[in-house]
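**Student:** Quick one: structure below, then a few questions.
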Amino acid sequence: MADPDERLFDSDDDDLANFTFQGAARQGEQDEPRPFDLADVPSSVDAEDALPQTEILEALFLSQDGERSAGRTWEQTKVQTINLSALARTFKKGDRATAINLLHRRSVLRFDDDLCYDNEDEMLAWDASNHFLDFCLVVGGSVGLHAMLPNKVVDHTFSIALNLCLPARLFRPKFGKLGFDPTGCMLAIGTGPSCEYWLAFCPQESLDDLDIANSVPLLSAKQHGDTRLSASHFRMAVMFLAYALSKNPNLAIYVMHHYGTDDDLSAWRIKDVSNIYSQATWNLRLADLQELNATIASDWEEWVAEAPRAWKQDGWLLSRAPVGITCRYGQNQPIATATDQAHALEAKNWHAERAYAHIRYVSVAIATDISCLRVKRWEEVPNEDIIGQHGVVYDSPDPDVREEVDLDLLPHRDPHTRRENNIYEENGRRIPRLHGKSRRSTRPCGLLVNLETISELFSSYIPDHPDAAIDEDAYAGEQGSTPSVSVYPQAFLRKMGHIQCDAVLPHFAPFISDIRRATSRRPRIVDFDDDQPLADEYGIFGETVDGTLGVPPVVIPSACQFYNELSHRIRPSAALHDVQQGRITSALAGAYGNAATKITHNTRVRECKMSLPHQKYDNKIGLDDVPRALRLENIYIIQCDSIKPEKRNGMSIYKDIIVPLARAWSHPNIFQVLRPHICVFASQAFPQVYQWMTFGITSLLERLWSHLLPVLEAGNKPRHEVIELCSVLERALAYAHTGNARVIASKLMRPLWLVQSLLEQGLPTFSPTVRLTSSISNPIAISSSDWPTSDNLNVPAIASKRSQVLTYGNDHFEASVSAYKAGFHIELSINKLSPHVFLQYSTQDRHCIVIALVALRSYIADVKTLVATAIKKECSTEGKDVDMDVDGPGPNRDKERLKSLQKWLACDHPLGYKDKAYEHLLRAVVVDPNDFSDGLPNSSKEKLSVHDFAVRICAMTRVESPSSVAAPLILTAPSTAVFRIAYARMLKYAPPNSPAAAEKCIQRAYIIAANNLQIQHIPWHMSNPGARGRPSRKAVHNSWVNLGKSSILEPASSTTGRHASRPVDLAAEAAKKAQASDARAPWAVESITLQSLPDFFARDCLPDEFTMDNIECSGDAMLTEIYEWVFANFDREKPVHKIALLAGIYFSQMLPDVFWDVKDKPSASQMAGERLATSAVRSMPWKPNKGTRKGSTWRAMFIPMVAAYIISVYERGSPLRDYYATKKAFPGTWNAKNSAKGIGSFNLVRMGLAKAKSTRIFKGGVPLTDWLLLTNEELAAKHRELMGFLQDRQYGPFKIAVAFFGLDKAVELGATTGTYTNHPAMSSIALKKRPAPESDSDSDVEIIEEVPQKKQRR
């Protein structure tokens, strides 16, 4: 099936002009050719919350294998041992019940000797004679198509298919070298003989300067972005190619206007000026390709020079040049064959393939298959046969220490160890002296890598070599960094599998050094003081002179991967592995689709009915001759500019570079150090071990499918939990076959114990919360109360999203009538109501509020999408794609808008004021900065309340007789469908006796939820006064309405009208103005003065500081429980709660003066009785602590801590009072935490919120014994007093300070901070009643002047 983005455009080329390239996977991407890479997984199982691959390697060394005491937690569950042979018997008997039951046990695998052999077993015959070319990337060295041209004058069989309809194809190679950054410059132009052809628009500087090209990171560094051309650059490239092709008289291609009919690329179609798109592909003969190459090389600069100025504005066309690139991968072609005839023929083929004089880089993946056969016996090879074939033989591969051997004096075996006495030929390769005999039916062993030990091999000592010490590049390649090894366990074996590394084994260094010495040219260095003529090959006009670093290395080792060859049969690429597609999950989830997805859903169901994915895998490996060898694949980069001129041809490159690199694996210096790290499975155990180890998972999948197929056929929907568990099973199965951590959805699989079990023990284990049964009826289940969630609002952990989105589209997952994600969230919230949220409401109301939160969260996400899409479109010019790189060159205003958009999208509450969300949105939406002072655009000048918002939501989404969808809802957005689902669900919890009462209940839930999410403004429709027809009611990004009708007058001291000059930052001022006039807007104590507190204290929302995030509980369970209870039960209607909040705000303003000095402590006689003791404490001066206590000046912490202390002490139902009821004391951690901050009974008395009984109050005293709480009547009186002060906007804030801290401290606070206006008469009283201190007094209290002046903040 062809990729839909790569089809022939059968109408016109408008689609080509308007391409937008997203980083997300596209449907059909699995059909694109791509290199075999262990790190690849299909997009359908690529988890958003995947584990890092490094965690698998770490788990090999951090886990502990051993028995633990029984229990329900993972750590306490007993570990049991199970033999591989037992799993084999279970599979062969088809005992699914036993296999499923094993999934509830923590099991560690033990290997049987007859199924897994010692790699030093003397009956194992090893072979490394088969070599393959798996990947080849060729980059031209100059302008033109040299990489595509064969090294031939004529070839009647040559033909390529030129295809210019591939703008969306990504350049996918992950290894190799280009010599430039491929971001935004790669164009796929067709296919040739087993090749992909690309035209790279390479930076001119990389072509001109070899040092610049060589300094560019390798593709494996993954430092490049999207490789595709932008829409405008693609049009330019096609027009140039059409021009070049039109100059060939043998091709029926014409161009009427070389640069189109207008400088604006979007104003015309390519089909209007050329017939290049009159057919899907153009077949080019060798002569046609040669002429096209010549035209590109000769005409490019002139064509660019004459191009319209508008085309060159961004500098791209002026700084680029077209260079041909070819890419082949996955061909698995044999190379370096043993016979001389085949070897010579292959060398000729390489020579004829292309002229390497015009090639800069060749990147190749050279693979060698290590195979192993268990023989029945060994037969000695006659000595005369060895001498006849090899001549002189030696006792060592090392030429520095070896000696010639007389075979007649050296027995074939060591008489003591019975091991073969090895001998070696001239080039150091081992000569077999024993020949293994086995039955014809004997199959090779299966080989994997020992993951525990293999990483040691990449840092081991390199054997002595004459040049190894000076050839540093031969060790670690171009990067010279410590090798990074990634491990991919196979078949749940944990310690056995495949590996990938960003370097080759260091043992290859001597071989690479030999190749470099034999093939590297001499340095091109010019001595301008020497009159001698230069050699022809080093002419400064024909070649670039080498820099101070000398000749770049001919061969650079880049990376390697070791994997079983079976992967090429069952997984030619990551996207084509049957068990990695998530097919069963998508078949089940399709039941939540609509008519648009029905065909796809039926197809998925039909596929699974025919055979399940793992059954297809079983069929593939059912043959006896499946490959079992271990494939060792090294990636090398050949830098052709460094090769000797006489060797810069295909024949020499093949003979002198490719063949030696391929045959190096069989050299004793490499193979002997590698063999101890190879795991050997008996032929009857591999690849069957995959089936044995995964039998429990596959049995569950089969039972699950058999149970749910009738449900699907009846048109019903499986439960969300079952679909997610199916996805978990399929992901676990995919992990068994790939070992890739990207398939692990950690947020769901970790609580189910799968992450721990797969990483720490190998075999999967489910937690006891997952119920497994061997019956077909409901084989796997989990209670809603046990489902993993991400926060207190029960957002469910989901593993199936990628599978659903890629199969049915995002609307299926987010926006369909059944909206899978929202439906699951709502159902889970209903069945698993959090015990920590909205506790002040009834259970029925809490259900409705949580459902409303789900819907409004979806709405906020859609608003963000609406705004982001529109602003990106507005900031694009002339069809040019705009990315989020806002720091690059371009129109300043557009860059500023995009930067503000990024900041707004990152806000936790984007529709509120917190974190400058309003200001960021304003800067992004409003085009002209001069309009910032007007705030968000509101063309209708309307202003709504949050109640109006809730009424509109209900009216448009009710079950019966809904009104048409209009602003503020977004008609085509997912949230509209979610609102409909939410309304239907909330009806179950609303009053059933009256539809009106039910709707009011739902409206109330939306109001509470909107307040919780801080939704202060919403998108609105544009007004259209005077226009004909029905006015539009569509929600747009550039019209907004505020949800806060202000009930508060501006303070008299407002500076709004005080300054005649325009504010410097209009957006910031507009944000402040909007927030000040919004009765629902959030507010922060740090951003206001106490003088304006009456205006804010009456708002619906609490100050930003009043949050548990500002309190550090250090993991203490008791502290956490107390504080969580306070925040969950805070009620603004309760007098003590209002007093507590007010006290916390004022207390924070006193910092650091919240302690007392021991010299001020009254005598015992002054503390006699409750009244005197309380009066004495209240008259104590407020002083700072003499010591330095961390956090004693952070106001944001004291506001919630003080309020929480007061509420916890006064509320009889609080966890603190529950603790006191049994212990007759407060928890030690509670006392320690609060007393360190000056929070406790002493300051409670000092602020007039408690009463002292004795001097023990100075040490805290016994709660409710040495100090007492206010009575209900006293508390009510205190509430009336404080709330009365709040009504006095002029001096009320000052009077509250007097009530809490006394007159002296209140006056001092007002005079020194200016946070409120002191009462003149009361200030005078404070001055007169205090004598001036002595000159040597060390009192910390300042003298207050008679006429206090408000000091400015600094």
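As shown in the structure tokens, the chain order sets the letters A, B, ...; within each chain, residues go from 1, and ligands are also counted from 1 in the order they appear.
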Would you mind listing what lies within 8 Å of stretch 1207-1210 of chain A as a list in words, with only C-alpha atoms counted and same-chain residues fewer than 6 positions away left out?

**Tutor:**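 Listing them by chain and then by number gives Ile1122, Val1126, Val1136, His1137, Ala1140, Leu1216, Arg1217 and Leu1269 of chain A.
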
**Student:** Using the selection just defined, write its residues with N, CA, C and O atoms as a JSON list (two decimals), in the first residue's frame.

**Tutor:**
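Dumped to part.json:
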[["chain", "number", "residue", "atom", "x", "y", "z"],
["A", 1122, "ILE", "N", -2.85, 15.71, 57.92],
["A", 1122, "ILE", "CA", -3.44, 16.91, 58.55],
["A", 1122, "ILE", "C", -3.63, 18.01, 57.51],
["A", 1122, "ILE", "O", -4.72, 18.59, 57.40],
["A", 1126, "VAL", "N", -7.12, 19.75, 55.85],
["A", 1126, "VAL", "CA", -7.43, 21.18, 55.94],
["A", 1126, "VAL", "C", -7.81, 21.73, 54.57],
["A", 1126, "VAL", "O", -8.84, 22.40, 54.41],
["A", 1136, "VAL", "N", -14.39, 30.45, 61.72],
["A", 1136, "VAL", "CA", -13.02, 30.14, 62.13],
["A", 1136, "VAL", "C", -12.10, 29.99, 60.92],
["A", 1136, "VAL", "O", -10.92, 30.31, 60.98],
["A", 1137, "HIS", "N", -12.64, 29.55, 59.79],
["A", 1137, "HIS", "CA", -11.82, 29.41, 58.59],
["A", 1137, "HIS", "C", -11.45, 30.78, 58.03],
["A", 1137, "HIS", "O", -10.32, 31.00, 57.58],
["A", 1140, "ALA", "N", -8.86, 32.25, 60.33],
["A", 1140, "ALA", "CA", -7.57, 31.58, 60.14],
["A", 1140, "ALA", "C", -6.85, 32.11, 58.92],
["A", 1140, "ALA", "O", -5.63, 32.35, 58.94],
["A", 1216, "LEU", "N", -5.71, 16.16, 63.51],
["A", 1216, "LEU", "CA", -4.96, 16.62, 64.68],
["A", 1216, "LEU", "C", -5.74, 16.40, 65.97],
["A", 1216, "LEU", "O", -5.20, 15.90, 66.96],
["A", 1217, "ARG", "N", -7.03, 16.76, 65.93],
["A", 1217, "ARG", "CA", -7.85, 16.55, 67.11],
["A", 1217, "ARG", "C", -8.12, 15.07, 67.36],
["A", 1217, "ARG", "O", -8.26, 14.65, 68.52],
["A", 1269, "LEU", "N", -8.92, 27.23, 73.91],
["A", 1269, "LEU", "CA", -9.47, 27.86, 72.72],
["A", 1269, "LEU", "C", -10.57, 28.85, 73.12],
["A", 1269, "LEU", "O", -11.14, 28.77, 74.22]]

**Student:** Could you give me, as a list in words, the residues within 7 Å of stretch 547-562 of chain A, counting only C-alpha atoms and dropping anything in the same chain fewer than 6 positions from it?

**Tutor:**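 Within the cut-off, the hits are Gly477, Glu478, His498, Ile499, Gln500, Cys501, Asp502, Ala503, Val504, Ile512, Arg516, Ser520, Pro523, Leu630, Arg631, Leu632, Glu633, Asn634, Ile635, Tyr636, Ile637, Ile638, Gln639, Cys640, Ser642 and Ile643 of chain A.
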
**Student:** Tell me, which residues of stretch 242-300 of chain A carry DSSP strand (DSSP E or B), written as a list in words?

**Tutor:**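 Everything in stretch 242-300 of chain A that counts as strand (DSSP E or B) is Val255, Ser274, Trp282, Asn283 and Leu284 of chain A.
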
**Student:** Taking the backbone alone, and naming residues the way the document does, which bits of stretch 1271-1325 of chain A are alpha helix (DSSP H) by DSSP, as a PyMOL selection string?

**Tutor:** chain A and resi 1272-1287+1292-1301+1303-1313+1320-1325

**Student:** Based on the selection just made, write C-alpha atoms of those residues as a PDB file, in the first residue's frame.

**Tutor:**
ATOM      1  CA  ASN A1272     -18.106  29.650  70.339  1.00  0.00           C
ATOM      2  CA  GLU A1273     -19.479  32.971  71.571  1.00  0.00           C
ATOM      3  CA  GLU A1274     -15.995  34.508  71.777  1.00  0.00           C
ATOM      4  CA  LEU A1275     -15.120  33.186  68.362  1.00  0.00           C
ATOM      5  CA  ALA A1276     -18.306  34.620  66.857  1.00  0.00           C
ATOM      6  CA  ALA A1277     -17.561  37.992  68.423  1.00  0.00           C
ATOM      7  CA  LYS A1278     -14.010  37.898  67.063  1.00  0.00           C
ATOM      8  CA  HIS A1279     -15.385  37.100  63.610  1.00  0.00           C
ATOM      9  CA  ARG A1280     -17.845  39.997  63.722  1.00  0.00           C
ATOM     10  CA  GLU A1281     -15.091  42.338  64.854  1.00  0.00           C
ATOM     11  CA  LEU A1282     -12.642  41.385  62.104  1.00  0.00           C
ATOM     12  CA  MET A1283     -15.238  41.298  59.328  1.00  0.00           C
ATOM     13  CA  GLY A1284     -16.465  44.700  60.509  1.00  0.00           C
ATOM     14  CA  PHE A1285     -12.949  46.057  60.155  1.00  0.00           C
ATOM     15  CA  LEU A1286     -12.842  44.745  56.587  1.00  0.00           C
ATOM     16  CA  GLN A1287     -15.805  46.983  55.766  1.00  0.00           C
ATOM     17  CA  GLY A1292      -9.903  48.734  58.567  1.00  0.00           C
ATOM     18  CA  PRO A1293      -6.649  46.961  57.557  1.00  0.00           C
ATOM     19  CA  PHE A1294      -4.796  48.910  60.257  1.00  0.00           C
ATOM     20  CA  LYS A1295      -7.408  47.990  62.887  1.00  0.00           C
ATOM     21  CA  ILE A1296      -7.084  44.288  62.016  1.00  0.00           C
ATOM     22  CA  ALA A1297      -3.352  44.556  62.660  1.00  0.00           C
ATOM     23  CA  VAL A1298      -4.091  46.178  66.023  1.00  0.00           C
ATOM     24  CA  ALA A1299      -6.454  43.312  66.882  1.00  0.00           C
ATOM     25  CA  PHE A1300      -3.804  40.718  66.073  1.00  0.00           C
ATOM     26  CA  PHE A1301      -0.525  42.347  67.127  1.00  0.00           C
ATOM     27  CA  LEU A1303      -1.294  48.952  68.783  1.00  0.00           C
ATOM     28  CA  ASP A1304       2.471  49.446  68.929  1.00  0.00           C
ATOM     29  CA  LYS A1305       3.347  46.743  66.432  1.00  0.00           C
ATOM     30  CA  ALA A1306       0.461  47.696  64.155  1.00  0.00           C
ATOM     31  CA  VAL A1307       1.657  51.278  63.965  1.00  0.00           C
ATOM     32  CA  GLU A1308       5.245  50.171  63.415  1.00  0.00           C
ATOM     33  CA  LEU A1309       4.234  47.788  60.632  1.00  0.00           C
ATOM     34  CA  GLY A1310       2.246  50.466  58.835  1.00  0.00           C
ATOM     35  CA  ALA A1311       4.965  53.083  59.205  1.00  0.00           C
ATOM     36  CA  THR A1312       7.864  50.897  58.100  1.00  0.00           C
ATOM     37  CA  THR A1313       6.234  48.975  55.247  1.00  0.00           C
ATOM     38  CA  PRO A1320      -3.550  59.189  62.854  1.00  0.00           C
ATOM     39  CA  ALA A1321      -5.216  59.431  66.268  1.00  0.00           C
ATOM     40  CA  MET A1322      -4.345  55.863  67.259  1.00  0.00           C
ATOM     41  CA  SER A1323      -0.774  56.364  66.041  1.00  0.00           C
ATOM     42  CA  SER A1324      -0.500  59.411  68.254  1.00  0.00           C
ATOM     43  CA  ILE A1325      -1.637  57.370  71.236  1.00  0.00           C
TER      44      ILE A1325
END

**Student:** Between A:Pro1019, A:Pro764, A:Pro217, A:Gly696, which residue has the minimum interatomic distance to A:Thr90, considering only C-alpha atoms?

**Tutor:**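 Closest candidate: A:Gly696.
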
**Student:** Please, what distance in Å, to one decimal, runs between atom CA of A:Met236 and atom CA of A:Cys327?

**Tutor:**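 These atoms are spaced 23.6 Å apart.
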
**Student:** Take atom CA of A:Lys620 and atom CA of A:Arg583 and report the distance between them in Å, one decimal.

**Tutor:**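 Spanning atom CA of A:Lys620 to atom CA of A:Arg583 is a straight-line distance of 17.6 Å.
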
**Student:** In Å to one decimal, how far is atom CA of A:Tyr329 from atom CA of A:Asp134?

**Tutor:**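 Computing the Euclidean distance for atom CA of A:Asp134 and atom CA of A:Tyr329 yields 5.6 Å.
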
**Student:** What's around A:Gln615 at 10 Å? Count only C-alpha atoms, leave out sequence neighbours fewer than 3 positions away in its own chain, and write the answer as an mmCIF file with all heavy atoms, in the first residue's frame.

**Tutor:**
data_model
loop_
_atom_site.group_PDB
_atom_site.id
_atom_site.type_symbol
_atom_site.label_atom_id
_atom_site.label_comp_id
_atom_site.auth_asym_id
_atom_site.auth_seq_id
_atom_site.Cartn_x
_atom_site.Cartn_y
_atom_site.Cartn_z
ATOM 1 N N ASP A 578 4.767 -8.757 13.467
ATOM 2 C CA ASP A 578 3.339 -9.031 13.689
ATOM 3 C C ASP A 578 2.902 -8.719 15.110
ATOM 4 O O ASP A 578 1.817 -8.167 15.328
ATOM 5 C CB ASP A 578 3.035 -10.503 13.360
ATOM 6 C CG ASP A 578 3.096 -10.772 11.861
ATOM 7 O OD1 ASP A 578 2.502 -9.988 11.103
ATOM 8 O OD2 ASP A 578 3.749 -11.742 11.456
ATOM 9 N N VAL A 579 3.733 -9.081 16.103
ATOM 10 C CA VAL A 579 3.287 -8.934 17.485
ATOM 11 C C VAL A 579 3.498 -7.525 18.017
ATOM 12 O O VAL A 579 3.254 -7.262 19.190
ATOM 13 C CB VAL A 579 4.012 -9.945 18.408
ATOM 14 C CG1 VAL A 579 3.731 -11.353 17.974
ATOM 15 C CG2 VAL A 579 5.515 -9.674 18.438
ATOM 16 N N CYS A 608 -8.132 -10.298 13.048
ATOM 17 C CA CYS A 608 -7.931 -11.055 14.286
ATOM 18 C C CYS A 608 -8.744 -12.342 14.297
ATOM 19 O O CYS A 608 -8.339 -13.324 14.933
ATOM 20 C CB CYS A 608 -8.287 -10.187 15.488
ATOM 21 S SG CYS A 608 -7.132 -8.825 15.772
ATOM 22 N N MET A 610 -9.215 -14.195 11.705
ATOM 23 C CA MET A 610 -8.470 -15.144 10.876
ATOM 24 C C MET A 610 -7.305 -15.736 11.675
ATOM 25 O O MET A 610 -7.123 -16.956 11.704
ATOM 26 C CB MET A 610 -7.944 -14.431 9.628
ATOM 27 C CG MET A 610 -9.045 -13.963 8.682
ATOM 28 S SD MET A 610 -9.913 -15.339 7.916
ATOM 29 C CE MET A 610 -8.624 -16.035 6.918
ATOM 30 N N SER A 611 -6.547 -14.891 12.313
ATOM 31 C CA SER A 611 -5.438 -15.349 13.158
ATOM 32 C C SER A 611 -4.935 -14.177 13.970
ATOM 33 O O SER A 611 -4.860 -13.051 13.476
ATOM 34 C CB SER A 611 -4.295 -15.935 12.314
ATOM 35 O OG SER A 611 -3.817 -14.981 11.392
ATOM 36 N N LEU A 612 -4.592 -14.451 15.223
ATOM 37 C CA LEU A 612 -4.061 -13.417 16.090
ATOM 38 C C LEU A 612 -2.585 -13.175 15.754
ATOM 39 O O LEU A 612 -1.921 -14.054 15.195
ATOM 40 C CB LEU A 612 -4.215 -13.831 17.551
ATOM 41 C CG LEU A 612 -5.663 -13.972 18.039
ATOM 42 C CD1 LEU A 612 -5.698 -14.426 19.499
ATOM 43 C CD2 LEU A 612 -6.437 -12.667 17.873
ATOM 44 N N ASP A 618 4.053 -17.572 15.149
ATOM 45 C CA ASP A 618 4.293 -19.012 15.314
ATOM 46 C C ASP A 618 4.416 -19.699 13.961
ATOM 47 O O ASP A 618 5.216 -20.617 13.777
ATOM 48 C CB ASP A 618 3.152 -19.644 16.116
ATOM 49 C CG ASP A 618 3.123 -19.170 17.561
ATOM 50 O OD1 ASP A 618 4.133 -18.584 18.002
ATOM 51 O OD2 ASP A 618 2.090 -19.361 18.232
ATOM 52 N N ASN A 619 3.622 -19.257 13.004
ATOM 53 C CA ASN A 619 3.677 -19.847 11.671
ATOM 54 C C ASN A 619 5.006 -19.538 10.982
ATOM 55 O O ASN A 619 5.573 -20.385 10.291
ATOM 56 C CB ASN A 619 2.506 -19.314 10.834
ATOM 57 C CG ASN A 619 2.510 -19.871 9.418
ATOM 58 O OD1 ASN A 619 3.003 -19.219 8.511
ATOM 59 N ND2 ASN A 619 1.966 -21.067 9.246
ATOM 60 N N LYS A 620 5.527 -18.334 11.198
ATOM 61 C CA LYS A 620 6.779 -17.942 10.552
ATOM 62 C C LYS A 620 7.963 -18.759 11.051
ATOM 63 O O LYS A 620 8.881 -19.066 10.294
ATOM 64 C CB LYS A 620 7.044 -16.454 10.786
ATOM 65 C CG LYS A 620 6.204 -15.539 9.917
ATOM 66 C CD LYS A 620 6.614 -14.087 10.130
ATOM 67 C CE LYS A 620 5.820 -13.170 9.235
ATOM 68 N NZ LYS A 620 6.216 -11.739 9.394
ATOM 69 N N GLN A 691 8.162 -18.746 22.220
ATOM 70 C CA GLN A 691 6.813 -19.266 22.454
ATOM 71 C C GLN A 691 6.651 -19.763 23.885
ATOM 72 O O GLN A 691 5.619 -19.533 24.510
ATOM 73 C CB GLN A 691 6.532 -20.406 21.464
ATOM 74 C CG GLN A 691 6.525 -19.969 20.010
ATOM 75 C CD GLN A 691 6.491 -21.158 19.075
ATOM 76 O OE1 GLN A 691 7.381 -22.021 19.080
ATOM 77 N NE2 GLN A 691 5.452 -21.229 18.264
ATOM 78 N N THR A 698 0.260 -14.968 25.707
ATOM 79 C CA THR A 698 -0.520 -15.303 24.507
ATOM 80 C C THR A 698 -1.786 -16.078 24.857
ATOM 81 O O THR A 698 -2.817 -15.915 24.205
ATOM 82 C CB THR A 698 0.337 -16.105 23.514
ATOM 83 O OG1 THR A 698 0.845 -17.289 24.165
ATOM 84 C CG2 THR A 698 1.510 -15.268 23.022
ATOM 85 N N GLU A 702 -5.563 -14.939 23.844
ATOM 86 C CA GLU A 702 -6.512 -15.801 23.141
ATOM 87 C C GLU A 702 -7.830 -15.916 23.911
ATOM 88 O O GLU A 702 -8.912 -15.836 23.330
ATOM 89 C CB GLU A 702 -5.885 -17.187 22.934
ATOM 90 C CG GLU A 702 -4.749 -17.201 21.925
ATOM 91 C CD GLU A 702 -4.116 -18.573 21.803
ATOM 92 O OE1 GLU A 702 -4.711 -19.545 22.330
ATOM 93 O OE2 GLU A 702 -3.040 -18.689 21.174
#
